[in-house]
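Student: I have a structure here, written as structure tokens, and I will follow up with some questions on it.
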Amino acid sequence: MEKIRVLVVDDSKVSRIMMASVLSRTTFQICDYAKNSMEAVEKYRSLNPDVVTMDMNLPDGDGIECSRKILEINPNAKIVMISAMKDASLMMRGRNVGINSFLQKPINANELIDTLQMVCQSTENSIDVLRESYVKPFIKVLQKNLFSLAGLHSKVDLELDKDDFLDVNGIAVIIGLTGVPMGRAILHMDTQTMNRYSKIMLGMGEEEELSEEEASDSVEESANIIVGRSVSMINDICKDKEMRITPPGTICGHRIRIVNPKLTSFNITASTRLGDFKMNIGFAEGE
């Protein structure tokens, strides 16, 4: 696999060593280092890296001004700002210049890798971009929350949804996604899985009676948490998207058919001891 070349702009030797350690185990390869703004601009011009990690505080200026000079060379340059500070004013200044994303020191290795992957996604294959940048955060959050909410371990499968509709038997919670990209998320499962899961959520015994309203409310609340946290993860990694969610809508019944008009959709199936938890994540075409 071809390596993605990274120019690291940072005056701190410790930070450069930490960055090299993290990226050495990935598809990213540090092509060079720059200690100040002047050196960064010169090396960007000569090396043309795929992405730049930019420290905010440089000996001869700040990272935002350095980023502006790089973006004058290449308006499509990919730049991730790294700073000890991460306030709204700083991010607004960075966005106005054209910086893609923002991270705060000390850097979390997984967050750095996720951010670089999202920033560097090629726009040539929109399906790959959607899968890697938007759908995979939903998978991570789904697995994590099934365990934290109900102690469920899960095995997840992901596939592109090629159908024009989604058939549901049991319950479906539909939540809209606004911002960029627009779309919707549907958490659905059969009635038996819904009831088993809801009893655990509500701390009920297996023999206790559970009303349909209690069961649907439990799944709706879970869907709201899972989708909300997934969107928050995406927004944290890629600051210019600012996705939001709409209030959930819940449907219960059999042979429910939900149409996927002009959506690029993915099916996620999390298999657990209680049954399958399914999510259909769809994004509007052209986003």
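Please note that chains go A, B, ... in the order of the structure tokens, that every chain numbers its residues from 1, and that ligands are numbered from 1 in the order shown.
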If DSSP is run on the backbone, what residues of stretch 18-234 of chain A are strand (DSSP E)? A reply as a PyMOL selection string would be ideal.
Tutor: chain A and resi 28-34+51-55+57-58+61-62+79-83+101-104+155-161+165-178+183-189
Student: List the neighbours of A:Asp163 out to 12 Å using only C-alpha atoms; skip same-chain residues closer than 5 positions along the sequence, and give me the result as a tab-separated table (two decimals) with all heavy atoms, in the first residue's frame.
Tutor:
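For reference, around_31.tsv as written:
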```tsv
chain	number	residue	atom	x	y	z
A	257	ARG	N	-41.64	-1.07	5.34
A	257	ARG	CA	-40.72	-0.79	4.23
A	257	ARG	C	-40.37	0.70	4.24
A	257	ARG	O	-41.24	1.55	4.12
A	257	ARG	CB	-41.33	-1.21	2.90
A	257	ARG	CG	-40.48	-0.84	1.69
A	257	ARG	CD	-40.81	-1.68	0.48
A	257	ARG	NE	-40.33	-3.05	0.62
A	257	ARG	CZ	-40.40	-3.97	-0.35
A	257	ARG	NH1	-40.91	-3.65	-1.52
A	257	ARG	NH2	-39.95	-5.19	-0.14
A	258	ILE	N	-39.07	0.99	4.37
A	258	ILE	CA	-38.59	2.36	4.40
A	258	ILE	C	-37.79	2.60	3.13
A	258	ILE	O	-36.83	1.89	2.83
A	258	ILE	CB	-37.70	2.61	5.64
A	258	ILE	CG1	-38.49	2.32	6.92
A	258	ILE	CG2	-37.19	4.05	5.66
A	258	ILE	CD1	-37.65	2.33	8.18
A	259	VAL	N	-38.17	3.60	2.38
A	259	VAL	CA	-37.55	3.89	1.09
A	259	VAL	C	-36.25	4.66	1.29
A	259	VAL	O	-36.13	5.49	2.20
A	259	VAL	CB	-38.50	4.69	0.19
A	259	VAL	CG1	-37.83	5.03	-1.15
A	259	VAL	CG2	-39.79	3.91	-0.05
A	260	ASN	N	-35.25	4.36	0.45
A	260	ASN	CA	-33.96	5.07	0.47
A	260	ASN	C	-33.83	5.95	-0.77
A	260	ASN	O	-33.12	5.61	-1.71
A	260	ASN	CB	-32.79	4.06	0.47
A	260	ASN	CG	-32.65	3.34	1.78
A	260	ASN	OD1	-33.09	3.82	2.81
A	260	ASN	ND2	-32.01	2.19	1.74
A	261	PRO	N	-34.51	7.08	-0.83
A	261	PRO	CA	-34.45	7.89	-2.05
A	261	PRO	C	-33.15	8.66	-2.15
A	261	PRO	O	-32.79	9.44	-1.28
A	261	PRO	CB	-35.64	8.85	-1.88
A	261	PRO	CG	-35.78	8.99	-0.40
A	261	PRO	CD	-35.36	7.69	0.20
A	262	LYS	N	-32.40	8.43	-3.24
A	262	LYS	CA	-31.17	9.16	-3.53
A	262	LYS	C	-30.20	9.17	-2.35
A	262	LYS	O	-29.59	10.20	-2.05
A	262	LYS	CB	-31.50	10.59	-3.95
A	262	LYS	CG	-32.29	10.68	-5.25
A	262	LYS	CD	-32.52	12.12	-5.67
A	262	LYS	CE	-33.28	12.20	-6.98
A	262	LYS	NZ	-33.52	13.60	-7.41
A	263	LEU	N	-30.06	8.02	-1.68
A	263	LEU	CA	-29.12	7.91	-0.58
A	263	LEU	C	-28.07	6.85	-0.89
A	263	LEU	O	-28.38	5.80	-1.46
A	263	LEU	CB	-29.83	7.53	0.72
A	263	LEU	CG	-30.79	8.54	1.34
A	263	LEU	CD1	-31.43	7.95	2.60
A	263	LEU	CD2	-30.07	9.83	1.68
A	264	THR	N	-26.83	7.13	-0.53
A	264	THR	CA	-25.79	6.10	-0.52
A	264	THR	C	-25.81	5.52	0.88
A	264	THR	O	-25.48	6.20	1.85
A	264	THR	CB	-24.41	6.68	-0.84
A	264	THR	OG1	-24.45	7.29	-2.14
A	264	THR	CG2	-23.36	5.59	-0.83
A	265	SER	N	-26.21	4.25	1.00
A	265	SER	CA	-26.49	3.67	2.32
A	265	SER	C	-25.59	2.47	2.61
A	265	SER	O	-25.13	1.78	1.70
A	265	SER	CB	-27.95	3.23	2.41
A	265	SER	OG	-28.82	4.33	2.21
A	266	PHE	N	-25.38	2.26	3.90
A	266	PHE	CA	-24.57	1.15	4.40
A	266	PHE	C	-25.35	0.42	5.48
A	266	PHE	O	-26.02	1.04	6.30
A	266	PHE	CB	-23.25	1.67	4.99
A	266	PHE	CG	-22.40	2.41	4.01
A	266	PHE	CD1	-22.63	3.76	3.75
A	266	PHE	CD2	-21.36	1.78	3.34
A	266	PHE	CE1	-21.85	4.46	2.85
A	266	PHE	CE2	-20.57	2.46	2.43
A	266	PHE	CZ	-20.82	3.81	2.19
A	267	ASN	N	-25.25	-0.91	5.45
A	267	ASN	CA	-25.89	-1.74	6.49
A	267	ASN	C	-24.84	-2.21	7.49
A	267	ASN	O	-23.83	-2.81	7.11
A	267	ASN	CB	-26.57	-2.96	5.85
A	267	ASN	CG	-27.84	-2.58	5.11
A	267	ASN	OD1	-28.62	-1.75	5.56
A	267	ASN	ND2	-28.04	-3.18	3.95
A	280	ASN	N	-28.81	1.21	9.54
A	280	ASN	CA	-28.70	1.59	8.16
A	280	ASN	C	-28.33	3.08	8.15
A	280	ASN	O	-29.08	3.91	8.62
A	280	ASN	CB	-30.00	1.34	7.41
A	280	ASN	CG	-29.89	1.68	5.93
A	280	ASN	OD1	-30.09	2.82	5.54
A	280	ASN	ND2	-29.60	0.67	5.12
A	282	GLY	N	-27.43	6.28	5.85
A	282	GLY	CA	-27.54	6.76	4.47
A	282	GLY	C	-27.17	8.23	4.36
A	282	GLY	O	-27.46	9.03	5.25
```
Student: Run DSSP on the backbone and give me the residues of stretch 6-113 of chain A it puts in helix (DSSP H, G or I), as number ranges by chain.
Tutor: A: 13-23, 37-47, 63-73, 88-97, 109-113
Student: Given only C-alpha atoms as the basis, pick out the residue of A:Asp50, A:Glu212, A:Asp276, A:Asp167 nearest to A:Ile4.
Tutor: A:Asp50
Student: Give me the residues within 12 Å of A:Ala34 as a count of residues only, counting only C-alpha atoms and dropping any in the same chain fewer than 4 places off.
Tutor: 27
Student: What's around A:Val141 at 10 Å? Count only C-alpha atoms, leave out sequence neighbours fewer than 4 positions away in its own chain, and write the answer as number ranges by chain.
Tutor: A: 136-137, 145-147, 225-231, 233
Student: Would you put the residues from that selection into a file with all heavy atoms, as a tab-separated table (two decimals), in the first residue's frame?
Tutor:
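Written output follows (again21.tsv):
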```
chain	number	residue	atom	x	y	z
A	136	LYS	N	-17.65	4.29	9.77
A	136	LYS	CA	-16.85	3.59	10.78
A	136	LYS	C	-16.96	4.19	12.18
A	136	LYS	O	-16.95	3.45	13.16
A	136	LYS	CB	-15.40	3.46	10.32
A	136	LYS	CG	-15.25	2.42	9.22
A	136	LYS	CD	-13.81	2.03	8.96
A	136	LYS	CE	-13.75	0.87	7.96
A	136	LYS	NZ	-12.36	0.47	7.66
A	137	PRO	N	-17.08	5.52	12.32
A	137	PRO	CA	-17.36	6.04	13.66
A	137	PRO	C	-18.66	5.49	14.26
A	137	PRO	O	-18.74	5.25	15.46
A	137	PRO	CB	-17.44	7.56	13.44
A	137	PRO	CG	-16.53	7.80	12.30
A	137	PRO	CD	-16.74	6.62	11.38
A	145	ASN	N	-21.26	1.24	22.91
A	145	ASN	CA	-22.46	1.52	23.69
A	145	ASN	C	-23.31	0.28	23.94
A	145	ASN	O	-24.00	0.21	24.96
A	145	ASN	CB	-23.27	2.63	23.02
A	145	ASN	CG	-22.70	4.00	23.30
A	145	ASN	OD1	-23.03	4.64	24.28
A	145	ASN	ND2	-21.81	4.46	22.43
A	146	LEU	N	-23.28	-0.69	23.06
A	146	LEU	CA	-23.97	-1.95	23.37
A	146	LEU	C	-23.34	-2.59	24.60
A	146	LEU	O	-24.04	-3.18	25.44
A	146	LEU	CB	-23.89	-2.91	22.18
A	146	LEU	CG	-24.80	-2.60	21.00
A	146	LEU	CD1	-24.57	-3.60	19.87
A	146	LEU	CD2	-26.26	-2.60	21.41
A	147	PHE	N	-22.02	-2.43	24.73
A	147	PHE	CA	-21.36	-2.99	25.90
A	147	PHE	C	-21.62	-2.14	27.14
A	147	PHE	O	-21.95	-2.67	28.21
A	147	PHE	CB	-19.85	-3.11	25.67
A	147	PHE	CG	-19.12	-3.72	26.84
A	147	PHE	CD1	-19.17	-5.09	27.05
A	147	PHE	CD2	-18.42	-2.94	27.74
A	147	PHE	CE1	-18.52	-5.68	28.14
A	147	PHE	CE2	-17.76	-3.50	28.82
A	147	PHE	CZ	-17.82	-4.87	29.03
A	225	ILE	N	-28.72	8.04	21.78
A	225	ILE	CA	-27.38	8.10	22.37
A	225	ILE	C	-26.33	7.67	21.36
A	225	ILE	O	-25.30	8.33	21.17
A	225	ILE	CB	-27.31	7.19	23.61
A	225	ILE	CG1	-28.17	7.78	24.75
A	225	ILE	CG2	-25.87	7.01	24.09
A	225	ILE	CD1	-28.33	6.84	25.93
A	226	ILE	N	-26.56	6.54	20.67
A	226	ILE	CA	-25.58	6.01	19.73
A	226	ILE	C	-25.34	6.95	18.56
A	226	ILE	O	-24.20	7.25	18.19
A	226	ILE	CB	-26.03	4.62	19.24
A	226	ILE	CG1	-25.95	3.60	20.39
A	226	ILE	CG2	-25.17	4.15	18.06
A	226	ILE	CD1	-26.66	2.29	20.10
A	227	VAL	N	-26.42	7.45	17.97
A	227	VAL	CA	-26.28	8.34	16.81
A	227	VAL	C	-25.67	9.67	17.25
A	227	VAL	O	-24.79	10.23	16.58
A	227	VAL	CB	-27.63	8.56	16.11
A	227	VAL	CG1	-27.49	9.58	14.98
A	227	VAL	CG2	-28.15	7.23	15.56
A	228	GLY	N	-26.11	10.19	18.40
A	228	GLY	CA	-25.56	11.45	18.89
A	228	GLY	C	-24.07	11.38	19.17
A	228	GLY	O	-23.31	12.28	18.80
A	229	ARG	N	-23.64	10.30	19.79
A	229	ARG	CA	-22.22	10.15	20.09
A	229	ARG	C	-21.40	9.91	18.82
A	229	ARG	O	-20.25	10.33	18.72
A	229	ARG	CB	-22.02	9.01	21.09
A	229	ARG	CG	-22.51	9.36	22.49
A	229	ARG	CD	-22.31	8.23	23.48
A	229	ARG	NE	-22.73	8.63	24.82
A	229	ARG	CZ	-22.77	7.82	25.88
A	229	ARG	NH1	-22.40	6.55	25.74
A	229	ARG	NH2	-23.16	8.26	27.06
A	230	SER	N	-21.99	9.21	17.85
A	230	SER	CA	-21.29	9.00	16.58
A	230	SER	C	-21.05	10.32	15.86
A	230	SER	O	-19.95	10.59	15.36
A	230	SER	CB	-22.10	8.06	15.68
A	230	SER	OG	-22.31	6.81	16.28
A	231	VAL	N	-22.08	11.15	15.83
A	231	VAL	CA	-21.96	12.46	15.18
A	231	VAL	C	-20.95	13.34	15.93
A	231	VAL	O	-20.16	14.06	15.31
A	231	VAL	CB	-23.34	13.14	15.09
A	231	VAL	CG1	-23.20	14.61	14.70
A	231	VAL	CG2	-24.21	12.41	14.07
A	233	MET	N	-18.34	12.28	17.54
A	233	MET	CA	-17.01	11.78	17.18
A	233	MET	C	-16.58	12.33	15.83
A	233	MET	O	-15.44	12.78	15.66
A	233	MET	CB	-17.01	10.25	17.15
A	233	MET	CG	-15.67	9.66	16.72
A	233	MET	SD	-15.69	7.85	16.59
A	233	MET	CE	-15.75	7.41	18.33
```
Student: Neighbours of A:Ile245 within 10 Å (only C-alpha atoms; same-chain residues fewer than 5 positions away dropped), as a PyMOL selection string?
Tutor: chain A and resi 175-179+182-185+224+227-228+231-232
Student: What separation in Å, quoted to one decimal, exists between atom CA of A:Ser89 and atom CA of A:Ser37?
Tutor: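 So the answer is 21.2 Å.
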Student: Could you tell me how far atom CA of A:Lys278 sits from atom CA of A:Ile200, in Å to one decimal place?
Tutor: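 Rounded to one decimal, the two atoms are 18.0 Å apart.
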